[in-house]
>>> print(open('coords-v5.tsv').read())   # TSV, C-alpha atoms
chain	number	residue	atom	x	y	z
A	24	MET	CA	120.49	65.06	-8.58
A	25	LEU	CA	122.64	62.26	-7.13
A	26	TYR	CA	120.18	61.62	-4.32
A	27	LEU	CA	117.30	61.52	-6.82
A	28	ILE	CA	119.14	58.78	-8.68
A	29	ILE	CA	119.74	56.89	-5.41
A	30	PHE	CA	116.02	57.16	-4.63
A	31	LYS	CA	115.08	55.80	-8.07
A	32	VAL	CA	117.52	52.90	-7.71
A	33	ALA	CA	116.14	52.08	-4.27
A	34	LEU	CA	112.56	52.21	-5.56
A	35	LYS	CA	113.43	50.02	-8.55
A	36	SER	CA	115.08	47.48	-6.27
A	37	ILE	CA	111.99	47.32	-4.05
A	38	CYS	CA	109.66	46.88	-7.04
A	39	ALA	CA	111.87	44.16	-8.51
A	40	ASN	CA	111.01	41.81	-5.63
A	41	LYS	CA	107.33	42.49	-5.08
A	42	LEU	CA	106.49	39.36	-3.09
A	43	ARG	CA	109.49	39.71	-0.77
A	44	THR	CA	108.72	43.42	-0.25
A	45	ALA	CA	105.06	42.68	0.47
A	46	LEU	CA	105.95	40.03	3.05
A	47	ALA	CA	108.48	42.35	4.71
A	48	MET	CA	105.90	45.13	4.71
A	49	LEU	CA	103.23	42.85	6.22
A	50	GLY	CA	104.87	42.86	9.65
A	51	ILE	CA	104.89	46.68	9.72
A	52	ILE	CA	101.28	46.83	8.49
A	53	ILE	CA	100.10	44.45	11.22
A	54	GLY	CA	102.15	46.21	13.91
A	55	THR	CA	100.96	49.70	12.98
A	56	ALA	CA	97.33	48.56	12.65
A	57	ALA	CA	97.56	46.92	16.07
A	58	VAL	CA	98.95	50.08	17.65
A	59	ILE	CA	96.27	52.30	16.09
A	60	SER	CA	93.38	49.99	16.98
A	61	MET	CA	94.59	49.26	20.53
A	62	LEU	CA	95.22	52.94	21.32
A	63	SER	CA	91.81	53.79	19.87
A	64	ILE	CA	90.11	51.18	22.06
A	65	GLY	CA	92.03	52.43	25.09
A	66	SER	CA	91.10	56.05	24.38
A	67	GLY	CA	87.49	55.03	23.83
A	68	ALA	CA	87.42	53.18	27.15
A	69	GLN	CA	88.97	56.19	28.90
A	70	GLU	CA	86.43	58.56	27.37
A	71	GLN	CA	83.54	56.27	28.32
A	72	VAL	CA	84.74	55.93	31.91
A	73	MET	CA	85.10	59.69	32.28
A	74	LYS	CA	81.71	60.25	30.65
A	75	ASN	CA	80.08	57.84	33.11
A	76	VAL	CA	81.82	59.43	36.09
A	77	ASN	CA	80.94	62.97	34.99
A	78	SER	CA	77.31	62.00	34.32
A	79	ILE	CA	76.95	61.08	37.98
A	80	GLY	CA	77.89	64.64	38.86
A	81	THR	CA	81.07	66.66	39.30
A	82	ASN	CA	82.65	68.44	42.25
A	83	LEU	CA	80.75	66.17	44.63
A	84	LEU	CA	81.19	64.93	48.17
A	85	GLY	CA	79.28	62.04	49.70
A	86	ILE	CA	79.05	61.48	53.47
A	87	ARG	CA	77.96	58.07	54.77
A	88	PRO	CA	77.86	56.63	58.29
A	89	ARG	CA	80.61	54.13	59.04
A	90	ARG	CA	79.74	50.64	60.24
A	91	ARG	CA	80.43	49.98	63.90
A	92	ASN	CA	83.59	48.13	64.76
A	93	ARG	CA	83.24	45.83	67.75
A	94	SER	CA	86.46	44.03	68.71
A	95	GLY	CA	87.69	44.31	65.15
A	96	VAL	CA	84.53	42.78	63.65
A	97	ARG	CA	82.51	44.81	61.15
A	98	THR	CA	78.76	44.59	61.79
A	99	GLN	CA	75.75	45.67	59.80
A	100	ASN	CA	74.88	48.36	62.38
A	101	LEU	CA	75.48	51.89	61.17
A	102	GLN	CA	76.53	54.92	63.16
A	103	LYS	CA	74.10	57.85	63.03
A	104	LEU	CA	74.03	60.64	60.47
A	105	SER	CA	71.16	63.01	61.20
A	106	LEU	CA	69.12	65.66	59.43
A	107	SER	CA	70.56	68.08	61.97
A	108	ASP	CA	74.06	67.19	60.71
A	109	ALA	CA	72.99	67.98	57.15
A	110	LYS	CA	71.44	71.33	58.10
A	111	THR	CA	74.48	72.35	60.16
A	112	ILE	CA	76.86	71.49	57.31
A	113	LEU	CA	74.79	73.57	54.89
A	114	ASN	CA	74.63	76.56	57.24
A	115	ASP	CA	78.13	76.53	58.74
A	116	ILE	CA	80.48	75.37	55.97
A	117	ASN	CA	81.61	77.72	53.21
A	118	GLY	CA	81.99	76.40	49.68
A	119	ILE	CA	78.80	74.32	49.50
A	120	LYS	CA	76.64	75.00	46.48
A	121	MET	CA	73.90	72.43	47.14
A	122	LEU	CA	73.19	69.67	49.65
A	123	ALA	CA	70.71	66.79	49.68
A	124	PRO	CA	69.85	64.35	52.48
A	125	VAL	CA	69.35	60.76	51.33
A	126	VAL	CA	67.66	57.67	52.74
A	127	SER	CA	67.33	54.54	50.63
A	128	GLU	CA	65.71	51.15	51.13
A	129	THR	CA	64.46	48.35	48.92
A	130	ALA	CA	60.68	48.28	48.71
A	131	GLN	CA	58.01	46.40	46.78
A	132	ILE	CA	56.50	48.55	44.02
A	133	LYS	CA	53.09	47.54	42.70
A	134	TYR	CA	50.81	48.83	39.96
A	135	TYR	CA	47.80	46.58	39.36
A	136	GLU	CA	49.23	43.14	38.47
A	137	LYS	CA	52.77	44.46	37.98
A	138	ASN	CA	54.95	43.92	41.04
A	139	ILE	CA	58.71	44.47	41.43
A	140	PRO	CA	61.26	45.14	44.19
A	141	ALA	CA	63.13	48.42	43.61
A	142	ASN	CA	65.45	50.84	45.34
A	143	VAL	CA	63.45	53.71	46.85
A	144	ILE	CA	65.45	56.90	47.38
A	145	GLY	CA	64.07	59.53	49.72
A	146	THR	CA	65.74	62.87	49.11
A	147	SER	CA	65.22	66.58	48.42
A	148	ASN	CA	64.71	68.26	45.05
A	149	THR	CA	68.36	69.44	45.08
A	150	TYR	CA	69.46	65.81	44.67
A	151	PHE	CA	68.50	65.79	41.01
A	152	SER	CA	70.67	68.82	40.20
A	153	ILE	CA	73.58	67.44	42.21
A	154	LYS	CA	73.40	64.05	40.48
A	155	ASN	CA	72.81	65.63	37.07
A	156	HIS	CA	69.40	63.94	36.58
A	157	SER	CA	66.89	65.37	34.14
A	158	LEU	CA	63.19	64.73	33.55
A	159	ASP	CA	61.83	62.90	30.55
A	160	TYR	CA	58.46	64.44	31.43
A	161	GLY	CA	56.49	65.54	34.49
A	162	ARG	CA	57.96	67.56	37.36
A	163	PHE	CA	60.30	67.20	40.33
A	164	PHE	CA	58.89	67.33	43.85
A	165	ASN	CA	59.65	70.61	45.64
A	166	ASP	CA	60.36	71.94	49.14
A	167	ARG	CA	56.64	72.24	49.94
A	168	ASP	CA	56.17	68.55	49.07
A	169	ALA	CA	59.00	67.69	51.47
A	170	GLU	CA	57.70	69.94	54.26
A	171	ALA	CA	54.24	68.37	54.05
A	172	SER	CA	55.55	64.79	53.56
A	173	VAL	CA	53.47	64.51	50.39
A	174	GLN	CA	53.18	61.02	48.90
A	175	VAL	CA	54.48	61.75	45.40
A	176	ALA	CA	57.02	59.77	43.38
A	177	ILE	CA	59.34	60.06	40.40
A	178	LEU	CA	60.09	56.93	38.41
A	179	GLY	CA	63.37	55.83	36.87
A	180	ASN	CA	63.01	55.14	33.14
A	181	GLU	CA	63.32	51.35	33.28
A	182	LEU	CA	61.01	51.14	36.30
A	183	LYS	CA	58.42	53.17	34.39
A	184	ASP	CA	58.71	50.82	31.37
A	185	PHE	CA	58.15	47.77	33.56
A	186	LEU	CA	55.16	49.15	35.46
A	187	PHE	CA	53.42	51.13	32.72
A	188	SER	CA	54.84	49.86	29.40
A	189	GLU	CA	53.68	52.41	26.81
A	190	SER	CA	50.95	54.06	28.90
A	191	ASP	CA	51.31	57.49	30.53
A	192	PRO	CA	52.16	57.13	34.25
A	193	LEU	CA	51.60	60.79	35.23
A	194	GLY	CA	48.84	61.09	37.78
A	195	ALA	CA	48.64	57.33	38.31
A	196	TYR	CA	48.88	55.86	41.82
A	197	ILE	CA	51.35	53.10	42.66
A	198	LYS	CA	51.77	51.19	45.93
A	199	VAL	CA	55.13	51.26	47.71
A	200	ASN	CA	55.12	48.67	50.49
A	201	GLY	CA	51.35	49.04	50.45
A	202	VAL	CA	51.39	52.87	50.68
A	203	ASN	CA	49.83	54.88	47.82
A	204	PHE	CA	52.07	57.32	45.89
A	205	LYS	CA	51.12	59.58	43.02
A	206	VAL	CA	53.50	59.54	40.03
A	207	ILE	CA	54.50	63.11	39.10
A	208	GLY	CA	57.52	62.55	36.84
A	209	VAL	CA	59.80	60.18	34.92
A	210	LEU	CA	63.57	60.58	34.74
A	211	THR	CA	65.51	60.58	31.49
A	212	ALA	CA	67.39	57.30	31.01
A	213	LYS	CA	71.04	57.45	32.13
A	214	GLY	CA	72.18	53.82	31.97
A	215	ASP	CA	73.87	51.84	34.74
A	216	LYS	CA	75.72	54.25	37.08
A	217	GLY	CA	77.14	51.91	39.70
A	218	HIS	CA	75.18	51.24	42.91
A	219	ASP	CA	72.77	54.17	42.26
A	220	LYS	CA	71.04	52.55	39.24
A	221	PRO	CA	68.84	55.64	38.62
A	222	ASP	CA	66.87	54.01	35.81
A	223	GLU	CA	65.65	51.27	38.17
A	224	SER	CA	64.95	53.48	41.20
A	225	LEU	CA	61.97	55.33	42.65
A	226	TYR	CA	62.40	58.83	44.14
A	227	ILE	CA	60.21	60.32	46.88
A	228	PRO	CA	60.60	63.26	49.33
A	229	TYR	CA	62.95	62.36	52.18
A	230	THR	CA	60.43	63.37	54.85
A	231	THR	CA	57.84	61.03	53.33
A	232	ALA	CA	60.38	58.20	53.22
A	233	MET	CA	61.50	58.74	56.82
A	234	ASN	CA	58.13	59.43	58.46
A	235	LYS	CA	55.53	57.52	56.44
A	236	LEU	CA	57.32	54.68	54.64
A	237	PHE	CA	60.41	53.41	56.46
A	238	GLY	CA	60.10	54.95	59.92
A	239	LEU	CA	63.69	56.24	59.98
A	240	ASP	CA	65.26	58.88	62.19
A	241	ASP	CA	68.69	58.97	60.55
A	242	LEU	CA	70.11	59.47	57.06
A	243	HIS	CA	71.94	56.94	54.94
A	244	GLU	CA	73.90	59.58	53.05
A	245	ILE	CA	74.42	63.30	52.58
A	246	VAL	CA	75.42	64.35	49.06
A	247	ILE	CA	77.03	67.72	48.50
A	248	MET	CA	77.92	69.75	45.43
A	249	GLY	CA	80.84	72.06	46.12
A	250	ASP	CA	81.18	75.59	44.80
A	251	GLU	CA	83.72	75.69	41.94
A	252	LYS	CA	85.35	78.76	43.55
A	253	PHE	CA	86.41	76.71	46.58
A	254	ASP	CA	88.95	73.93	46.98
A	255	LEU	CA	86.88	70.77	47.44
A	256	SER	CA	89.57	69.15	49.60
A	257	LYS	CA	89.43	72.07	52.05
A	258	VAL	CA	85.63	71.85	52.12
A	259	GLU	CA	85.97	68.14	52.87
A	260	ASN	CA	88.37	68.83	55.75
A	261	SER	CA	86.04	71.47	57.20
A	262	ILE	CA	83.10	69.05	57.10
A	263	GLU	CA	85.15	66.35	58.80
A	264	GLU	CA	86.18	68.70	61.61
A	265	LEU	CA	82.57	69.87	62.07
A	266	LEU	CA	81.08	66.36	62.20
A	267	ARG	CA	83.78	65.03	64.54
A	268	ASP	CA	83.03	67.91	66.89
A	269	ARG	CA	79.25	67.33	66.67
A	270	HIS	CA	79.66	63.59	67.27
A	271	ASN	CA	82.09	64.14	70.19
A	272	ILE	CA	84.82	62.02	68.63
A	273	LYS	CA	88.14	62.06	70.44
A	274	PRO	CA	91.24	63.11	68.43
A	275	GLU	CA	92.73	59.60	68.48
A	276	ALA	CA	89.44	57.87	67.60
A	277	GLU	CA	88.26	56.88	64.13
A	278	SER	CA	85.48	58.96	62.58
A	279	ASP	CA	82.03	57.37	62.65
A	280	PHE	CA	81.44	58.55	59.08
A	281	ARG	CA	83.20	58.42	55.71
A	282	ILE	CA	83.55	61.21	53.16
A	283	PHE	CA	83.87	60.29	49.48
A	284	ASN	CA	85.41	62.89	47.16
A	285	GLN	CA	84.22	62.70	43.56
A	286	ALA	CA	87.32	64.57	42.33
A	287	GLU	CA	89.52	61.80	43.74
A	288	LEU	CA	87.35	59.20	41.99
A	289	ILE	CA	87.72	61.03	38.68
A	290	GLN	CA	91.51	61.23	39.10
A	291	ALA	CA	91.72	57.54	39.97
A	292	ALA	CA	89.52	56.55	37.02
A	293	ASN	CA	91.57	58.73	34.67
A	294	LYS	CA	94.82	57.21	35.93
A	295	VAL	CA	93.55	53.65	35.50
A	296	SER	CA	92.28	54.42	31.98
A	297	LYS	CA	95.61	55.95	30.94
A	298	THR	CA	97.48	52.94	32.32
A	299	PHE	CA	95.13	50.64	30.39
A	300	THR	CA	95.73	52.60	27.17
A	301	LEU	CA	99.50	52.55	27.69
A	302	LEU	CA	99.42	48.79	28.31
A	303	LEU	CA	97.44	48.13	25.14
A	304	GLY	CA	99.74	50.37	23.11
A	305	SER	CA	102.87	48.69	24.50
A	306	ILE	CA	101.56	45.21	23.71
A	307	ALA	CA	100.69	46.28	20.18
A	308	GLY	CA	104.10	47.98	19.84
A	309	ILE	CA	105.80	44.61	20.28
A	310	SER	CA	104.41	43.52	16.92
A	311	LEU	CA	106.07	46.57	15.33
A	312	VAL	CA	109.43	45.47	16.74
A	313	VAL	CA	108.84	41.97	15.35
A	314	GLY	CA	108.05	43.56	12.00
A	315	GLY	CA	111.30	45.53	12.22
A	316	ILE	CA	113.27	42.34	12.79
A	317	GLY	CA	111.63	40.94	9.65
A	318	ILE	CA	112.75	44.04	7.74
A	319	MET	CA	116.34	43.53	8.96
A	320	ASN	CA	116.25	39.90	7.87
A	321	ILE	CA	114.97	40.77	4.39
A	322	MET	CA	117.54	43.55	3.97
A	323	LEU	CA	120.41	41.21	4.98
A	324	VAL	CA	119.21	38.72	2.36
A	325	THR	CA	119.03	41.54	-0.19
A	326	VAL	CA	122.59	42.67	0.59
A	327	SER	CA	123.83	39.09	0.25
A	328	GLU	CA	122.12	38.66	-3.15
A	329	ARG	CA	123.44	42.00	-4.46
A	330	THR	CA	127.01	41.68	-3.18
A	331	ARG	CA	128.49	41.61	-6.70
A	332	GLU	CA	126.41	44.65	-7.74
A	333	ILE	CA	127.69	46.54	-4.69
A	334	GLY	CA	131.28	45.61	-5.54
A	335	VAL	CA	130.91	46.88	-9.12
A	336	ARG	CA	129.41	50.18	-7.94
A	337	ILE	CA	132.19	50.75	-5.42
A	338	ALA	CA	134.82	49.82	-8.04
A	339	ILE	CA	133.55	52.45	-10.52
A	340	GLY	CA	133.55	55.20	-7.91
A	341	ALA	CA	130.40	54.98	-5.82
A	342	ARG	CA	130.96	56.34	-2.33
A	343	ARG	CA	130.29	54.13	0.65
A	344	VAL	CA	127.84	56.75	2.00
A	345	ASP	CA	125.83	56.46	-1.25
A	346	ILE	CA	125.57	52.68	-0.79
A	347	LEU	CA	124.57	53.23	2.85
A	348	ILE	CA	121.88	55.77	1.91
A	349	GLN	CA	120.47	53.55	-0.84
A	350	PHE	CA	119.91	50.48	1.34
A	351	LEU	CA	118.76	52.55	4.30
A	352	LEU	CA	116.30	54.32	2.01
A	353	GLU	CA	114.92	50.98	0.82
A	354	SER	CA	114.25	49.96	4.43
A	355	ILE	CA	112.63	53.31	5.29
A	356	LEU	CA	110.45	53.22	2.16
A	357	ILE	CA	109.18	49.73	2.99
A	358	CYS	CA	108.37	50.75	6.57
A	359	SER	CA	106.82	54.08	5.56
A	360	VAL	CA	104.45	52.53	3.02
A	361	GLY	CA	103.70	49.74	5.49
A	362	GLY	CA	103.04	52.36	8.16
A	363	VAL	CA	100.54	54.25	5.98
A	364	LEU	CA	98.72	51.05	5.05
A	365	GLY	CA	98.80	49.97	8.69
A	366	VAL	CA	97.21	53.27	9.77
A	367	LEU	CA	94.40	52.78	7.26
A	368	PHE	CA	93.83	49.20	8.42
A	369	GLY	CA	94.01	50.28	12.08
A	370	ILE	CA	91.39	52.99	11.54
A	371	GLY	CA	89.19	50.46	9.75
A	372	ILE	CA	89.52	47.96	12.61
A	373	ALA	CA	88.72	50.65	15.19
A	374	GLU	CA	85.63	51.74	13.27
A	375	PHE	CA	84.54	48.11	12.86
A	376	ILE	CA	84.82	47.56	16.62
A	377	SER	CA	82.76	50.69	17.33
A	378	ILE	CA	80.00	49.70	14.91
A	379	PHE	CA	79.67	45.97	15.60
A	380	THR	CA	80.57	45.65	19.32
A	381	LYS	CA	79.60	47.39	22.56
A	382	TYR	CA	83.10	48.86	22.86
A	383	SER	CA	83.69	52.39	21.64
A	384	SER	CA	86.93	53.54	20.05
A	385	VAL	CA	88.32	57.05	19.64
A	386	ILE	CA	90.94	57.66	16.96
A	387	GLN	CA	93.24	60.47	17.98
A	388	LEU	CA	95.59	62.35	15.67
A	389	TRP	CA	98.55	61.94	18.01
A	390	SER	CA	98.24	58.12	17.86
A	391	VAL	CA	98.26	58.20	14.04
A	392	LEU	CA	101.31	60.49	13.92
A	393	LEU	CA	103.05	58.42	16.59
A	394	SER	CA	102.45	55.19	14.66
A	395	LEU	CA	103.86	56.70	11.47
A	396	LEU	CA	106.88	58.08	13.34
A	397	VAL	CA	107.53	54.73	15.00
A	398	SER	CA	107.26	52.83	11.70
A	399	VAL	CA	109.80	55.18	10.07
A	400	SER	CA	112.04	54.85	13.13
A	401	VAL	CA	111.80	51.06	12.92
A	402	GLY	CA	112.84	51.20	9.27
A	403	THR	CA	115.81	53.41	10.12
A	404	PHE	CA	116.92	51.39	13.15
A	405	PHE	CA	116.58	47.91	11.69
A	406	GLY	CA	117.73	48.98	8.22
A	407	TYR	CA	120.94	50.64	9.38
A	408	TYR	CA	122.94	47.46	10.10
A	409	PRO	CA	122.26	45.80	6.69
A	410	ALA	CA	122.94	49.15	4.94
A	411	ARG	CA	126.20	49.64	6.81
A	412	ARG	CA	127.22	46.07	6.04
A	413	ALA	CA	126.59	46.73	2.35
A	414	ALA	CA	128.50	50.02	2.41
A	415	PHE	CA	131.62	48.52	4.00
A	416	LEU	CA	131.94	45.44	1.82
A	417	ASN	CA	135.42	44.85	0.47
A	418	PRO	CA	135.07	45.61	-3.27
A	419	ILE	CA	137.55	42.85	-4.30
A	420	ASP	CA	135.71	40.23	-2.26
A	421	ALA	CA	132.41	41.59	-3.54
A	422	LEU	CA	133.49	41.29	-7.19
A	423	ARG	CA	134.57	37.68	-6.61
A	424	HIS	CA	131.19	36.85	-5.09
A	425	GLU	CA	129.02	34.55	-7.17
>>> encode(input="coords-v5.tsv", output="structure tokens")
Amino acid sequence: MLYLIIFKVALKSICANKLRTALAMLGIIIGTAAVISMLSIGSGAQEQVMKNVNSIGTNLLGIRPRRRNRSGVRTQNLQKLSLSDAKTILNDINGIKMLAPVVSETAQIKYYEKNIPANVIGTSNTYFSIKNHSLDYGRFFNDRDAEASVQVAILGNELKDFLFSESDPLGAYIKVNGVNFKVIGVLTAKGDKGHDKPDESLYIPYTTAMNKLFGLDDLHEIVIMGDEKFDLSKVENSIEELLRDRHNIKPEAESDFRIFNQAELIQAANKVSKTFTLLLGSIAGISLVVGGIGIMNIMLVTVSERTREIGVRIAIGARRVDILIQFLLESILICSVGGVLGVLFGIGIAEFISIFTKYSSVIQLWSVLLSLLVSVSVGTFFGYYPARRAAFLNPIDALRHE
């Protein structure tokens, strides 16, 4: 019953100075809203990064020839990576689910008066499964197309829009560096995925690209999807040992190829995103501390104004702990209400950013609970000193106070 009375007195005191309470609460509202919105933006950025990385494909390895190093100078000449290397890797290494050879060059694509330079990727039909590409319509080229070096092509979505606008491209013939290719499919749009840019690219069988279009004997890349049952790092090590042996590389010499591990890229991207989220949350948390200092200032002013009241209460038998609880409760109430309002404002800001900007935000329950917990903790921490000062006032001096 006593604590109920203390609560009512604290609530009455807060309501008696509405403007002062609102101003004290404003710092907590702004701080909590900033924490919620910043953490939401950080989480949204992290989710978007991981979505983009995963859309490229998971559990992947990429092998590319290394540029020659002559007297410490990097040149544009590439070491060789052959079709024979790709076939040997597929046949001799355990833990490989799919493999695709890749050659890529920029070529001029023409359809009647439409003319545009684009990245032409020569590969096998397994490439599309490895890279998680799907068809908007049409079909993928198959092994028989590759074996016969058939001149067929699949268009990226943006490339199709430029060349054909609203018309159906299936069955149409386009010129690639002056060579005719029949369009057999259009990829589903994926957006910008780094250097690959699938929406702007043209895909043809690797044999056609090497023999009929670019006159190449070597590959630019080998992409591999690992089997989930195997450790991708061990698969990577096995491939490195095999290729070093095939290329007659001495133990002390640098490999003439590079292997890129998609799992490592995902881990790095995840780490960077988490660091970014933590940084945003920490910056926003500073405003909560500033709001807490404002609470302490207001509570010290309140104690000073109510010194005589405190003296009277102590003189008629109020315990010091009751005084302490009352003023501490006032501080916690202000911060708690400010925290709730701040959460609502923070959610509103996050939603506003998602709707009206290109940045996505993800509101997570843990960030809401954390913000509320921090706001209550701020009220307790910054309210304790003024409450203790009120509780340990000398009653005689307090009664003399004007």
>>> closest_residue(input="coords-v5.tsv", among="A:Val385, A:Ile245, A:Leu46, A:Val344", to="Met121 in chain A", atoms="all atoms listed in the file")
A:Ile245
>>> closest_residue(input="coords-v5.tsv", among="A:Phe299, A:Ala414, A:Val401, A:Ala39", to="Ile337 in chain A", atoms="all atoms listed in the file")
A:Ala414
>>> residues_around(input="coords-v5.tsv", residues="Ile139 in chain A", least_positions_apart="4", cutoff="12 Å", atoms="all atoms listed in the file", output="short mmCIF file (atom, residue, chain, number, x, y, z; two decimals) with C-alpha atoms, in the frame of the given file")
data_model
loop_
_atom_site.label_atom_id
_atom_site.label_comp_id
_atom_site.auth_asym_id
_atom_site.auth_seq_id
_atom_site.Cartn_x
_atom_site.Cartn_y
_atom_site.Cartn_z
CA THR A 129 64.46 48.35 48.92
CA ALA A 130 60.68 48.28 48.71
CA GLN A 131 58.01 46.40 46.78
CA ILE A 132 56.50 48.55 44.02
CA LYS A 133 53.09 47.54 42.70
CA TYR A 134 50.81 48.83 39.96
CA TYR A 135 47.80 46.58 39.36
CA VAL A 143 63.45 53.71 46.85
CA GLU A 181 63.32 51.35 33.28
CA LEU A 182 61.01 51.14 36.30
CA LYS A 183 58.42 53.17 34.39
CA ASP A 184 58.71 50.82 31.37
CA PHE A 185 58.15 47.77 33.56
CA LEU A 186 55.16 49.15 35.46
CA ILE A 197 51.35 53.10 42.66
CA LYS A 198 51.77 51.19 45.93
CA VAL A 199 55.13 51.26 47.71
CA ASN A 200 55.12 48.67 50.49
CA GLU A 223 65.65 51.27 38.17
CA SER A 224 64.95 53.48 41.20
CA LEU A 225 61.97 55.33 42.65
#
>>> residues_around(input="coords-v5.tsv", residues="range 246-253 of chain A", least_positions_apart="5", cutoff="8 Å", atoms="only C-alpha atoms", output="list of chain:residue names")
A:Thr81, A:Asn82, A:Leu83, A:Leu84, A:Gly85, A:Ile86, A:Gly118, A:Ile119, A:Lys120, A:Met121, A:Leu122, A:Ala123, A:Pro124, A:Val125, A:Tyr150, A:Ile153, A:Val258
>>> atom_distance(input="coords-v5.tsv", atom1="CA of Ala286 in chain A", atom2="CA of Gln71 in chain A")
16.7 Å
>>> closest_residue(input="coords-v5.tsv", among="A:Ala413, A:Met233, A:Val399, A:Cys358", to="Ser127 in chain A", atoms="all atoms listed in the file")
A:Met233
>>> closest_residue(input="coords-v5.tsv", among="A:Glu170, A:Glu70, A:Glu264, A:Glu353", to="Ser384 in chain A", atoms="all atoms listed in the file")
A:Glu70
>>> residues_near_point(input="coords-v5.tsv", point="(131.0, 53.3, -2.7)", cutoff="12 Å", atoms="all atoms listed in the file", output="count of residues only")
28
>>> residues_near_point(input="coords-v5.tsv", point="(107.4, 45.0, 8.7)", cutoff="6 Å", atoms="only C-alpha atoms", output="list in words")
Ala47, Met48, Leu49, Gly50, Ile51, Gly314, Gly315, Gly317 and Ile318 of chain A
>>> atom_distance(input="coords-v5.tsv", atom1="CA of Gly161 in chain A", atom2="CA of Ile207 in chain A")
5.6 Å
>>> residues_around(input="coords-v5.tsv", residues="Gly308 in chain A", least_positions_apart="2", cutoff="8 Å", atoms="all atoms listed in the file", output="PyMOL selection string")
chain A and resi 54-55+57-58+304-306+310-312
>>> closest_residue(input="coords-v5.tsv", among="A:Leu104, A:Ile309, A:Ile262, A:Ala171", to="Leu239 in chain A", atoms="all atoms listed in the file")
A:Leu104
>>> atom_distance(input="coords-v5.tsv", atom1="CA of Pro274 in chain A", atom2="CA of Asn260 in chain A")
14.2 Å
>>> closest_residue(input="coords-v5.tsv", among="A:Ala169, A:Ile376, A:Val313, A:Ile289", to="Thr149 in chain A", atoms="only C-alpha atoms")
A:Ala169
>>> decode(input="coords-v5.tsv", residues="range 367-406 of chain A", atoms="C-alpha atoms", output="PDB file, in the first residue's frame")
ATOM      1  CA  LEU A 367       6.888   4.347 -31.879  1.00  0.00           C
ATOM      2  CA  PHE A 368       8.640   7.303 -33.520  1.00  0.00           C
ATOM      3  CA  GLY A 369      11.634   5.107 -34.426  1.00  0.00           C
ATOM      4  CA  ILE A 370       9.400   2.516 -36.093  1.00  0.00           C
ATOM      5  CA  GLY A 371       7.636   5.306 -37.974  1.00  0.00           C
ATOM      6  CA  ILE A 372      10.957   6.765 -39.178  1.00  0.00           C
ATOM      7  CA  ALA A 373      12.179   3.324 -40.282  1.00  0.00           C
ATOM      8  CA  GLU A 374       8.976   2.679 -42.225  1.00  0.00           C
ATOM      9  CA  PHE A 375       9.158   6.140 -43.791  1.00  0.00           C
ATOM     10  CA  ILE A 376      12.721   5.465 -44.970  1.00  0.00           C
ATOM     11  CA  SER A 377      11.690   2.112 -46.479  1.00  0.00           C
ATOM     12  CA  ILE A 378       8.742   3.615 -48.353  1.00  0.00           C
ATOM     13  CA  PHE A 379      10.221   6.879 -49.638  1.00  0.00           C
ATOM     14  CA  THR A 380      13.922   6.043 -50.179  1.00  0.00           C
ATOM     15  CA  LYS A 381      15.914   3.278 -51.861  1.00  0.00           C
ATOM     16  CA  TYR A 382      17.170   2.071 -48.481  1.00  0.00           C
ATOM     17  CA  SER A 383      15.381  -0.814 -46.803  1.00  0.00           C
ATOM     18  CA  SER A 384      14.958  -1.122 -43.049  1.00  0.00           C
ATOM     19  CA  VAL A 385      14.211  -4.181 -40.941  1.00  0.00           C
ATOM     20  CA  ILE A 386      12.724  -3.680 -37.481  1.00  0.00           C
ATOM     21  CA  GLN A 387      13.769  -6.472 -35.180  1.00  0.00           C
ATOM     22  CA  LEU A 388      12.165  -7.310 -31.840  1.00  0.00           C
ATOM     23  CA  TRP A 389      15.505  -7.443 -30.045  1.00  0.00           C
ATOM     24  CA  SER A 390      16.280  -3.827 -31.026  1.00  0.00           C
ATOM     25  CA  VAL A 391      12.910  -2.651 -29.647  1.00  0.00           C
ATOM     26  CA  LEU A 392      13.396  -4.527 -26.364  1.00  0.00           C
ATOM     27  CA  LEU A 393      16.990  -3.306 -26.123  1.00  0.00           C
ATOM     28  CA  SER A 394      15.926   0.314 -26.630  1.00  0.00           C
ATOM     29  CA  LEU A 395      13.271   0.036 -23.927  1.00  0.00           C
ATOM     30  CA  LEU A 396      15.737  -1.624 -21.546  1.00  0.00           C
ATOM     31  CA  VAL A 397      18.362   1.045 -22.195  1.00  0.00           C
ATOM     32  CA  SER A 398      15.862   3.884 -21.667  1.00  0.00           C
ATOM     33  CA  VAL A 399      14.803   2.403 -18.294  1.00  0.00           C
ATOM     34  CA  SER A 400      18.464   1.897 -17.384  1.00  0.00           C
ATOM     35  CA  VAL A 401      19.207   5.516 -18.286  1.00  0.00           C
ATOM     36  CA  GLY A 402      16.369   6.653 -16.029  1.00  0.00           C
ATOM     37  CA  THR A 403      17.702   4.533 -13.167  1.00  0.00           C
ATOM     38  CA  PHE A 404      21.349   5.542 -13.622  1.00  0.00           C
ATOM     39  CA  PHE A 405      20.863   9.268 -14.103  1.00  0.00           C
ATOM     40  CA  GLY A 406      17.982   9.474 -11.626  1.00  0.00           C
TER      41      GLY A 406
END
